[in-house]
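Source file: data_18.cif (mmCIF, N, CA and C atoms)
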data_data
#
loop_
_atom_site.label_atom_id
_atom_site.label_comp_id
_atom_site.auth_asym_id
_atom_site.auth_seq_id
_atom_site.Cartn_x
_atom_site.Cartn_y
_atom_site.Cartn_z
N MET A 28 -4.64 -21.87 -39.15
CA MET A 28 -4.48 -21.34 -37.81
C MET A 28 -3.73 -22.33 -36.92
N HIS A 29 -4.09 -23.63 -36.98
CA HIS A 29 -3.43 -24.64 -36.16
C HIS A 29 -1.96 -24.80 -36.54
N LYS A 30 -1.64 -24.49 -37.82
CA LYS A 30 -0.25 -24.60 -38.26
C LYS A 30 0.64 -23.58 -37.57
N ILE A 31 0.08 -22.49 -37.14
CA ILE A 31 0.85 -21.45 -36.45
C ILE A 31 0.86 -21.70 -34.94
N ILE A 32 -0.25 -22.11 -34.38
CA ILE A 32 -0.38 -22.26 -32.94
C ILE A 32 0.48 -23.41 -32.41
N ARG A 33 0.47 -24.55 -33.10
CA ARG A 33 1.23 -25.70 -32.61
C ARG A 33 2.73 -25.42 -32.52
N PRO A 34 3.36 -24.89 -33.57
CA PRO A 34 4.80 -24.59 -33.43
C PRO A 34 5.07 -23.52 -32.36
N ALA A 35 4.20 -22.54 -32.28
CA ALA A 35 4.38 -21.49 -31.27
C ALA A 35 4.25 -22.08 -29.87
N LEU A 36 3.29 -22.96 -29.67
CA LEU A 36 3.11 -23.62 -28.38
C LEU A 36 4.31 -24.50 -28.05
N SER A 37 4.82 -25.20 -29.05
CA SER A 37 6.00 -26.05 -28.84
C SER A 37 7.20 -25.22 -28.41
N VAL A 38 7.41 -24.09 -29.06
CA VAL A 38 8.53 -23.20 -28.71
C VAL A 38 8.35 -22.66 -27.30
N LEU A 39 7.13 -22.26 -26.96
CA LEU A 39 6.84 -21.73 -25.63
C LEU A 39 7.11 -22.78 -24.56
N LEU A 40 6.64 -24.01 -24.78
CA LEU A 40 6.86 -25.08 -23.81
C LEU A 40 8.34 -25.45 -23.70
N ALA A 41 9.03 -25.46 -24.82
CA ALA A 41 10.47 -25.76 -24.78
C ALA A 41 11.23 -24.68 -24.03
N THR A 42 10.86 -23.42 -24.25
CA THR A 42 11.49 -22.31 -23.53
C THR A 42 11.23 -22.42 -22.04
N ALA A 43 10.02 -22.74 -21.66
CA ALA A 43 9.68 -22.89 -20.25
C ALA A 43 10.47 -24.04 -19.63
N ALA A 44 10.62 -25.12 -20.37
CA ALA A 44 11.39 -26.27 -19.86
C ALA A 44 12.85 -25.91 -19.69
N LEU A 45 13.42 -25.17 -20.64
CA LEU A 45 14.81 -24.75 -20.52
C LEU A 45 15.00 -23.81 -19.34
N ASN A 46 14.08 -22.88 -19.14
CA ASN A 46 14.17 -21.97 -18.01
C ASN A 46 14.08 -22.73 -16.69
N ALA A 47 13.21 -23.69 -16.61
CA ALA A 47 13.08 -24.48 -15.38
C ALA A 47 14.37 -25.27 -15.14
N HIS A 48 14.96 -25.80 -16.21
CA HIS A 48 16.20 -26.55 -16.08
C HIS A 48 17.33 -25.62 -15.65
N ALA A 49 17.39 -24.41 -16.23
CA ALA A 49 18.42 -23.45 -15.86
C ALA A 49 18.25 -23.03 -14.40
N ASP A 50 17.02 -22.84 -13.95
CA ASP A 50 16.77 -22.46 -12.56
C ASP A 50 17.22 -23.56 -11.62
N LEU A 51 16.95 -24.80 -11.98
CA LEU A 51 17.35 -25.93 -11.16
C LEU A 51 18.87 -26.04 -11.11
N ARG A 52 19.52 -25.80 -12.23
CA ARG A 52 20.98 -25.83 -12.27
C ARG A 52 21.55 -24.73 -11.36
N GLN A 53 20.97 -23.54 -11.42
CA GLN A 53 21.44 -22.43 -10.58
C GLN A 53 21.20 -22.75 -9.11
N LEU A 54 20.06 -23.36 -8.81
CA LEU A 54 19.74 -23.75 -7.44
C LEU A 54 20.81 -24.70 -6.91
N GLY A 55 21.19 -25.69 -7.71
CA GLY A 55 22.22 -26.64 -7.31
C GLY A 55 23.59 -25.98 -7.16
N THR A 56 23.92 -25.09 -8.08
CA THR A 56 25.20 -24.39 -8.02
C THR A 56 25.28 -23.55 -6.75
N ASP A 57 24.22 -22.82 -6.46
CA ASP A 57 24.21 -21.98 -5.26
C ASP A 57 24.30 -22.83 -3.99
N PHE A 58 23.61 -23.96 -3.97
CA PHE A 58 23.64 -24.84 -2.81
C PHE A 58 25.06 -25.39 -2.60
N ARG A 59 25.68 -25.84 -3.67
CA ARG A 59 27.05 -26.36 -3.56
C ARG A 59 28.02 -25.27 -3.13
N THR A 60 27.84 -24.06 -3.63
CA THR A 60 28.69 -22.94 -3.22
C THR A 60 28.58 -22.70 -1.73
N MET A 61 27.35 -22.70 -1.23
CA MET A 61 27.15 -22.46 0.20
C MET A 61 27.73 -23.59 1.03
N MET A 62 27.57 -24.83 0.59
CA MET A 62 28.13 -25.97 1.33
C MET A 62 29.67 -25.88 1.36
N SER A 63 30.26 -25.47 0.24
CA SER A 63 31.72 -25.29 0.20
C SER A 63 32.15 -24.18 1.15
N ASN A 64 31.37 -23.11 1.21
CA ASN A 64 31.69 -22.01 2.12
C ASN A 64 31.68 -22.47 3.57
N TYR A 65 30.73 -23.32 3.93
CA TYR A 65 30.70 -23.84 5.30
C TYR A 65 31.95 -24.66 5.59
N THR A 66 32.39 -25.46 4.62
CA THR A 66 33.59 -26.27 4.78
C THR A 66 34.82 -25.37 4.94
N ILE A 67 34.92 -24.35 4.10
CA ILE A 67 36.05 -23.42 4.16
C ILE A 67 36.07 -22.69 5.50
N ASN A 68 34.93 -22.17 5.91
CA ASN A 68 34.87 -21.45 7.19
C ASN A 68 35.24 -22.37 8.36
N GLY A 69 34.77 -23.62 8.32
CA GLY A 69 35.09 -24.57 9.37
C GLY A 69 36.58 -24.87 9.43
N ALA A 70 37.21 -25.03 8.27
CA ALA A 70 38.65 -25.31 8.22
C ALA A 70 39.45 -24.12 8.71
N ILE A 71 39.02 -22.93 8.37
CA ILE A 71 39.72 -21.72 8.84
C ILE A 71 39.56 -21.59 10.35
N GLN A 72 38.37 -21.88 10.84
CA GLN A 72 38.14 -21.78 12.28
C GLN A 72 38.96 -22.82 13.06
N GLN A 73 39.22 -23.97 12.46
CA GLN A 73 40.08 -24.96 13.11
C GLN A 73 41.52 -24.47 13.21
N ARG A 74 41.97 -23.74 12.20
CA ARG A 74 43.34 -23.23 12.21
C ARG A 74 43.48 -22.00 13.08
N CYS A 75 42.43 -21.19 13.13
CA CYS A 75 42.45 -19.95 13.92
C CYS A 75 41.29 -20.00 14.90
N LYS A 76 41.55 -20.53 16.06
CA LYS A 76 40.49 -20.76 17.05
C LYS A 76 39.77 -19.47 17.45
N ASN A 77 40.49 -18.36 17.50
CA ASN A 77 39.91 -17.10 18.01
C ASN A 77 39.41 -16.17 16.92
N ILE A 78 39.39 -16.63 15.69
CA ILE A 78 38.95 -15.76 14.59
C ILE A 78 37.44 -15.60 14.63
N GLU A 79 37.00 -14.40 14.30
CA GLU A 79 35.56 -14.14 14.24
C GLU A 79 35.14 -14.20 12.77
N LEU A 80 34.33 -15.20 12.48
CA LEU A 80 33.86 -15.38 11.10
C LEU A 80 32.68 -14.45 10.83
N PRO A 81 32.57 -13.94 9.60
CA PRO A 81 31.41 -13.11 9.26
C PRO A 81 30.13 -13.95 9.36
N GLU A 82 29.04 -13.29 9.69
CA GLU A 82 27.77 -14.01 9.80
C GLU A 82 27.24 -14.36 8.42
N ILE A 83 26.89 -15.63 8.28
CA ILE A 83 26.24 -16.10 7.06
C ILE A 83 25.03 -16.92 7.49
N GLU A 84 24.16 -17.18 6.54
CA GLU A 84 22.96 -17.97 6.83
C GLU A 84 23.38 -19.33 7.39
N PRO A 85 22.81 -19.76 8.51
CA PRO A 85 23.22 -21.04 9.10
C PRO A 85 23.00 -22.23 8.17
N ARG A 86 23.86 -23.20 8.29
CA ARG A 86 23.83 -24.38 7.44
C ARG A 86 22.50 -25.12 7.55
N HIS A 87 22.00 -25.29 8.78
CA HIS A 87 20.76 -26.05 8.95
C HIS A 87 19.58 -25.36 8.26
N VAL A 88 19.61 -24.05 8.18
CA VAL A 88 18.54 -23.31 7.49
C VAL A 88 18.60 -23.58 5.99
N VAL A 89 19.80 -23.53 5.43
CA VAL A 89 19.99 -23.75 4.00
C VAL A 89 19.62 -25.20 3.64
N GLU A 90 20.07 -26.15 4.47
CA GLU A 90 19.76 -27.55 4.19
C GLU A 90 18.27 -27.82 4.26
N LYS A 91 17.59 -27.25 5.25
CA LYS A 91 16.14 -27.45 5.39
C LYS A 91 15.40 -26.82 4.21
N GLU A 92 15.84 -25.65 3.81
CA GLU A 92 15.21 -24.98 2.67
C GLU A 92 15.38 -25.80 1.39
N MET A 93 16.57 -26.37 1.21
CA MET A 93 16.81 -27.21 0.02
C MET A 93 15.95 -28.46 0.09
N GLN A 94 15.83 -29.04 1.25
CA GLN A 94 14.98 -30.23 1.41
C GLN A 94 13.54 -29.90 1.04
N ASN A 95 13.06 -28.73 1.44
CA ASN A 95 11.70 -28.32 1.11
C ASN A 95 11.53 -28.04 -0.38
N LYS A 96 12.58 -27.55 -1.02
CA LYS A 96 12.51 -27.24 -2.45
C LYS A 96 12.53 -28.49 -3.32
N LEU A 97 13.31 -29.50 -2.89
CA LEU A 97 13.48 -30.69 -3.71
C LEU A 97 12.57 -31.84 -3.33
N GLY A 98 12.14 -31.89 -2.10
CA GLY A 98 11.45 -33.07 -1.59
C GLY A 98 12.50 -33.99 -0.98
N ILE A 99 12.09 -34.81 -0.04
CA ILE A 99 13.04 -35.59 0.74
C ILE A 99 13.85 -36.57 -0.10
N GLN A 100 13.21 -37.28 -1.03
CA GLN A 100 13.95 -38.27 -1.83
C GLN A 100 15.01 -37.62 -2.71
N ASN A 101 14.65 -36.52 -3.39
CA ASN A 101 15.62 -35.83 -4.23
C ASN A 101 16.74 -35.21 -3.39
N TYR A 102 16.40 -34.72 -2.21
CA TYR A 102 17.40 -34.15 -1.32
C TYR A 102 18.41 -35.21 -0.88
N ILE A 103 17.91 -36.38 -0.54
CA ILE A 103 18.81 -37.48 -0.13
C ILE A 103 19.75 -37.84 -1.28
N GLN A 104 19.22 -37.92 -2.50
CA GLN A 104 20.06 -38.23 -3.66
C GLN A 104 21.11 -37.14 -3.89
N LEU A 105 20.70 -35.89 -3.69
CA LEU A 105 21.64 -34.78 -3.84
C LEU A 105 22.77 -34.90 -2.82
N MET A 106 22.42 -35.17 -1.58
CA MET A 106 23.45 -35.26 -0.54
C MET A 106 24.37 -36.45 -0.78
N ILE A 107 23.84 -37.56 -1.28
CA ILE A 107 24.69 -38.71 -1.61
C ILE A 107 25.67 -38.32 -2.71
N SER A 108 25.18 -37.64 -3.74
CA SER A 108 26.07 -37.25 -4.84
C SER A 108 27.10 -36.23 -4.38
N MET A 109 26.71 -35.33 -3.48
CA MET A 109 27.67 -34.35 -2.96
C MET A 109 28.74 -35.03 -2.11
N ASN A 110 28.35 -36.04 -1.34
CA ASN A 110 29.33 -36.76 -0.51
C ASN A 110 30.31 -37.55 -1.38
N LYS A 111 29.87 -37.99 -2.54
CA LYS A 111 30.74 -38.72 -3.46
C LYS A 111 31.62 -37.79 -4.28
N SER A 112 31.24 -36.52 -4.36
CA SER A 112 31.97 -35.58 -5.21
C SER A 112 33.24 -35.09 -4.50
N ASP A 113 34.01 -34.30 -5.22
CA ASP A 113 35.24 -33.73 -4.68
C ASP A 113 35.02 -32.35 -4.06
N ASP A 114 33.79 -31.94 -3.85
CA ASP A 114 33.50 -30.59 -3.36
C ASP A 114 34.22 -30.29 -2.04
N LYS A 115 34.13 -31.20 -1.09
CA LYS A 115 34.75 -30.96 0.22
C LYS A 115 36.27 -30.94 0.09
N LYS A 116 36.81 -31.87 -0.70
CA LYS A 116 38.26 -31.92 -0.91
C LYS A 116 38.74 -30.63 -1.59
N ASN A 117 37.97 -30.14 -2.55
CA ASN A 117 38.33 -28.91 -3.24
C ASN A 117 38.27 -27.70 -2.31
N ALA A 118 37.27 -27.67 -1.43
CA ALA A 118 37.16 -26.57 -0.47
C ALA A 118 38.35 -26.58 0.48
N LEU A 119 38.75 -27.75 0.94
CA LEU A 119 39.90 -27.85 1.84
C LEU A 119 41.19 -27.50 1.11
N ALA A 120 41.29 -27.84 -0.17
CA ALA A 120 42.46 -27.45 -0.97
C ALA A 120 42.52 -25.94 -1.14
N THR A 121 41.35 -25.31 -1.23
CA THR A 121 41.29 -23.85 -1.32
C THR A 121 41.84 -23.22 -0.05
N VAL A 122 41.50 -23.79 1.10
CA VAL A 122 42.01 -23.27 2.37
C VAL A 122 43.53 -23.47 2.44
N ASP A 123 44.02 -24.62 2.00
CA ASP A 123 45.47 -24.86 1.99
C ASP A 123 46.19 -23.84 1.11
N LYS A 124 45.61 -23.57 -0.05
CA LYS A 124 46.20 -22.59 -0.97
C LYS A 124 46.18 -21.19 -0.36
N LEU A 125 45.08 -20.85 0.29
CA LEU A 125 44.98 -19.55 0.97
C LEU A 125 46.05 -19.45 2.04
N TRP A 126 46.24 -20.54 2.78
CA TRP A 126 47.19 -20.54 3.89
C TRP A 126 48.62 -20.33 3.40
N GLU A 127 48.91 -20.79 2.20
CA GLU A 127 50.24 -20.58 1.63
C GLU A 127 50.50 -19.10 1.32
N ASN A 128 49.42 -18.34 1.11
CA ASN A 128 49.56 -16.95 0.68
C ASN A 128 49.34 -15.93 1.78
N ILE A 129 49.14 -16.37 3.01
CA ILE A 129 48.92 -15.43 4.10
C ILE A 129 49.94 -15.68 5.21
N ASP A 130 50.02 -14.72 6.13
CA ASP A 130 50.96 -14.81 7.25
C ASP A 130 50.21 -15.03 8.55
N GLY A 131 49.48 -16.13 8.64
CA GLY A 131 48.82 -16.49 9.89
C GLY A 131 47.43 -15.88 10.04
N CYS A 132 46.91 -16.04 11.24
CA CYS A 132 45.51 -15.69 11.51
C CYS A 132 45.25 -14.18 11.56
N ASP A 133 46.29 -13.39 11.78
CA ASP A 133 46.10 -11.94 11.90
C ASP A 133 46.32 -11.20 10.60
N ASP A 134 46.57 -11.92 9.53
CA ASP A 134 46.84 -11.30 8.23
C ASP A 134 45.57 -10.65 7.68
N PRO A 135 45.66 -9.40 7.24
CA PRO A 135 44.50 -8.73 6.63
C PRO A 135 43.97 -9.44 5.38
N LYS A 136 44.84 -10.20 4.72
CA LYS A 136 44.40 -10.94 3.54
C LYS A 136 43.37 -12.01 3.93
N LEU A 137 43.53 -12.59 5.12
CA LEU A 137 42.57 -13.58 5.60
C LEU A 137 41.22 -12.92 5.87
N THR A 138 41.25 -11.75 6.49
CA THR A 138 40.01 -11.02 6.75
C THR A 138 39.32 -10.65 5.45
N ALA A 139 40.11 -10.23 4.46
CA ALA A 139 39.54 -9.88 3.15
C ALA A 139 38.94 -11.11 2.48
N ALA A 140 39.64 -12.25 2.59
CA ALA A 140 39.13 -13.49 1.99
C ALA A 140 37.82 -13.91 2.65
N LEU A 141 37.76 -13.79 3.97
CA LEU A 141 36.52 -14.12 4.68
C LEU A 141 35.38 -13.20 4.27
N GLY A 142 35.69 -11.93 4.04
CA GLY A 142 34.67 -11.00 3.55
C GLY A 142 34.15 -11.37 2.18
N ARG A 143 35.07 -11.80 1.29
CA ARG A 143 34.66 -12.24 -0.06
C ARG A 143 33.81 -13.49 0.02
N ILE A 144 34.17 -14.41 0.92
CA ILE A 144 33.37 -15.62 1.09
C ILE A 144 31.97 -15.25 1.57
N ALA A 145 31.89 -14.34 2.53
CA ALA A 145 30.58 -13.92 3.06
C ALA A 145 29.75 -13.25 1.97
N ASP A 146 30.39 -12.43 1.14
CA ASP A 146 29.66 -11.76 0.04
C ASP A 146 29.15 -12.78 -0.98
N ALA A 147 30.01 -13.73 -1.35
CA ALA A 147 29.60 -14.76 -2.30
C ALA A 147 28.47 -15.61 -1.71
N HIS A 148 28.58 -15.89 -0.42
CA HIS A 148 27.55 -16.69 0.25
C HIS A 148 26.22 -15.94 0.27
N ALA A 149 26.27 -14.65 0.58
CA ALA A 149 25.04 -13.85 0.61
C ALA A 149 24.38 -13.78 -0.76
N ALA A 150 25.18 -13.62 -1.81
CA ALA A 150 24.63 -13.58 -3.17
C ALA A 150 24.03 -14.93 -3.55
N ALA A 151 24.72 -16.02 -3.20
CA ALA A 151 24.21 -17.35 -3.51
C ALA A 151 22.91 -17.62 -2.73
N TYR A 152 22.87 -17.22 -1.47
CA TYR A 152 21.68 -17.46 -0.67
C TYR A 152 20.50 -16.62 -1.19
N SER A 153 20.78 -15.42 -1.63
CA SER A 153 19.72 -14.57 -2.17
C SER A 153 19.09 -15.21 -3.40
N ARG A 154 19.91 -15.68 -4.32
CA ARG A 154 19.38 -16.36 -5.51
C ARG A 154 18.68 -17.65 -5.12
N PHE A 155 19.30 -18.40 -4.23
CA PHE A 155 18.79 -19.69 -3.78
C PHE A 155 17.41 -19.55 -3.15
N SER A 156 17.25 -18.58 -2.29
CA SER A 156 15.97 -18.43 -1.58
C SER A 156 14.85 -17.95 -2.50
N GLU A 157 15.21 -17.29 -3.59
CA GLU A 157 14.19 -16.80 -4.53
C GLU A 157 13.73 -17.87 -5.52
N GLU A 158 14.54 -18.91 -5.70
CA GLU A 158 14.19 -19.96 -6.67
C GLU A 158 13.00 -20.77 -6.17
N PRO A 159 12.09 -21.07 -7.07
CA PRO A 159 10.96 -21.92 -6.66
C PRO A 159 11.43 -23.36 -6.49
N GLY A 160 10.71 -24.10 -5.69
CA GLY A 160 11.04 -25.50 -5.47
C GLY A 160 10.47 -26.39 -6.56
N MET A 161 10.93 -27.62 -6.56
CA MET A 161 10.41 -28.60 -7.51
C MET A 161 9.11 -29.22 -7.02
N VAL A 162 8.92 -29.22 -5.72
CA VAL A 162 7.73 -29.83 -5.14
C VAL A 162 6.93 -28.76 -4.42
N LYS A 163 5.65 -28.98 -4.37
CA LYS A 163 4.77 -28.06 -3.67
C LYS A 163 4.96 -28.28 -2.17
N PRO A 164 5.13 -27.19 -1.41
CA PRO A 164 5.30 -27.36 0.04
C PRO A 164 4.06 -28.03 0.64
N LYS A 165 4.32 -28.93 1.58
CA LYS A 165 3.22 -29.63 2.23
C LYS A 165 2.65 -28.75 3.33
N ASP A 166 1.34 -28.81 3.46
CA ASP A 166 0.70 -28.08 4.54
C ASP A 166 1.08 -28.73 5.86
N ILE A 167 1.31 -27.89 6.84
CA ILE A 167 1.62 -28.40 8.17
C ILE A 167 0.30 -28.69 8.86
N PRO A 168 0.09 -29.93 9.28
CA PRO A 168 -1.19 -30.26 9.89
C PRO A 168 -1.34 -29.58 11.26
N VAL A 169 -2.55 -29.17 11.50
CA VAL A 169 -2.86 -28.55 12.81
C VAL A 169 -3.22 -29.69 13.75
N PRO A 170 -2.54 -29.77 14.90
CA PRO A 170 -2.85 -30.85 15.81
C PRO A 170 -4.29 -30.75 16.33
N MET A 171 -4.86 -31.89 16.58
CA MET A 171 -6.23 -31.89 17.10
C MET A 171 -6.20 -31.45 18.56
N ARG A 172 -7.17 -30.64 18.90
CA ARG A 172 -7.24 -30.13 20.27
C ARG A 172 -7.95 -31.15 21.17
N ARG A 173 -7.45 -31.20 22.35
CA ARG A 173 -8.12 -32.04 23.34
C ARG A 173 -8.85 -31.15 24.31
N ASN A 174 -10.07 -31.50 24.59
CA ASN A 174 -10.87 -30.70 25.52
C ASN A 174 -10.91 -31.34 26.88
#
I'd like the structure from this file rewritten - as structure tokens, please.
Amino acid sequence: MHKIIRPALSVLLATAALNAHADLRQLGTDFRTMMSNYTINGAIQQRCKNIELPEIEPRHVVEKEMQNKLGIQNYIQLMISMNKSDDKKNALATVDKLWENIDGCDDPKLTAALGRIADAHAAAYSRFSEEPGMVKPKDIPVPMRRN
């Protein structure tokens, strides 16, 4: 009996570990996608001051949620690695490439691109918000009342 249970348990634990790793990878991918979208939207808004950007989840909300999912130390390490990466440079290169293919701020292609960015952002945020965190959320202490 033990000869069957041990290998089955090992496979189950390995599968659970792989799923947790895949979820963490997806969490990171979605977070980086959203951070790139903020950079792209900011660069477009600098070029087109009067453009109305589609509504997406605010950056501070996404960052706070990620901090709660990872814990402060892991979040700091993530932000350090993101600042060292080429993500921001790649997002700005994407805007430059887009700008080569459109005719200014009133081009319908720009509006369509912004719509695609908003759709991708919404899908990433939906997956991101459903993923469980690595750390258990801390209880918020109730302040002591003064009489």
Region 39-129 of chain A: residues DSSP assigns to alpha helix (DSSP H), reported as a ChimeraX atom specification: /A:39-74,86-97,99-111,114-127
How close does region 102-153 of chain A get to region 54-77 of chain A? List, as a Markdown table, each residue of region 102-153 of chain A within 8 Å, its nearest atom pair and the distance in Å to one decimal, counting all atoms listed in the file.
| residue | atom | partner | partner_atom | distance |
| --- | --- | --- | --- | --- |
| A:Asp114 | C | A:Ser63 | CA | 6.0 |
| A:Lys115 | CA | A:Ser63 | CA | 6.4 |
| A:Asn117 | C | A:Ser63 | CA | 7.4 |
| A:Ala118 | C | A:Ile67 | CA | 5.4 |
| A:Leu119 | N | A:Ile67 | N | 6.0 |
| A:Thr121 | C | A:Ile67 | CA | 7.2 |
| A:Val122 | CA | A:Ile67 | CA | 6.2 |
| A:Gly131 | C | A:Cys75 | CA | 7.5 |
| A:Cys132 | CA | A:Cys75 | CA | 5.8 |
| A:Asp133 | N | A:Cys75 | CA | 7.9 |
| A:Leu141 | CA | A:Asn68 | CA | 7.9 |
| A:Ile144 | CA | A:Asn64 | CA | 6.7 |
| A:Ala145 | N | A:Asn64 | CA | 7.7 |
| A:Ala147 | C | A:Thr60 | C | 7.1 |
| A:His148 | CA | A:Met61 | CA | 5.8 |
| A:Ala149 | N | A:Met61 | CA | 7.9 |
| A:Ala150 | C | A:Asp57 | CA | 7.3 |
| A:Ala151 | CA | A:Asp57 | CA | 4.9 |
| A:Tyr152 | N | A:Asp57 | CA | 6.2 |
Closest of A:Asp134, A:Asn128, A:Lys91, A:Glu82 to Ile103 (chain A) - atom-to-atom distances counting only C-alpha atoms: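 Smallest distance to Ile103 (chain A) is found for A:Lys91.
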Residue nearest Gln53 (chain A) - candidates A:Arg143, A:Arg154, A:His87, A:Lys136, atoms counted: only N, CA and C atoms: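 Smallest separation from Gln53 (chain A) among the options: A:Arg154.
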Length of the CA of Lys96 (chain A) to CA of Met161 (chain A) vector [Å]: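 Pair CA of Lys96 (chain A) / CA of Met161 (chain A) returns 5.6 Å.
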Given the PyMOL selection byres ((chain A and resi 162) around 8), the residues it picks as a ChimeraX atom specification: /A:95-98,159-161,163-165
Interatomic distance, CA of Pro135 (chain A) to CA of Ile83 (chain A) (Å, one decimal): 19.7 Å
Coordinates-based distance that separates CA of Leu125 (chain A) from CA of Leu137 (chain A) (Å, one decimal):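 According to the coordinates, CA of Leu137 (chain A) and CA of Leu125 (chain A) are separated by 7.9 Å.
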Nearest candidate to Ser153 (chain A) (options A:Ile99, A:Val89, A:Trp126, A:Ala120; using only C-alpha atoms):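 The shortest atom-to-atom distance to Ser153 (chain A) comes from A:Val89.
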Residue nearest Ser156 (chain A) among A:Lys124, A:Gln104, A:Leu80, A:Val88 (counting only C-alpha atoms):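 The closest residue to Ser156 (chain A) is A:Val88.
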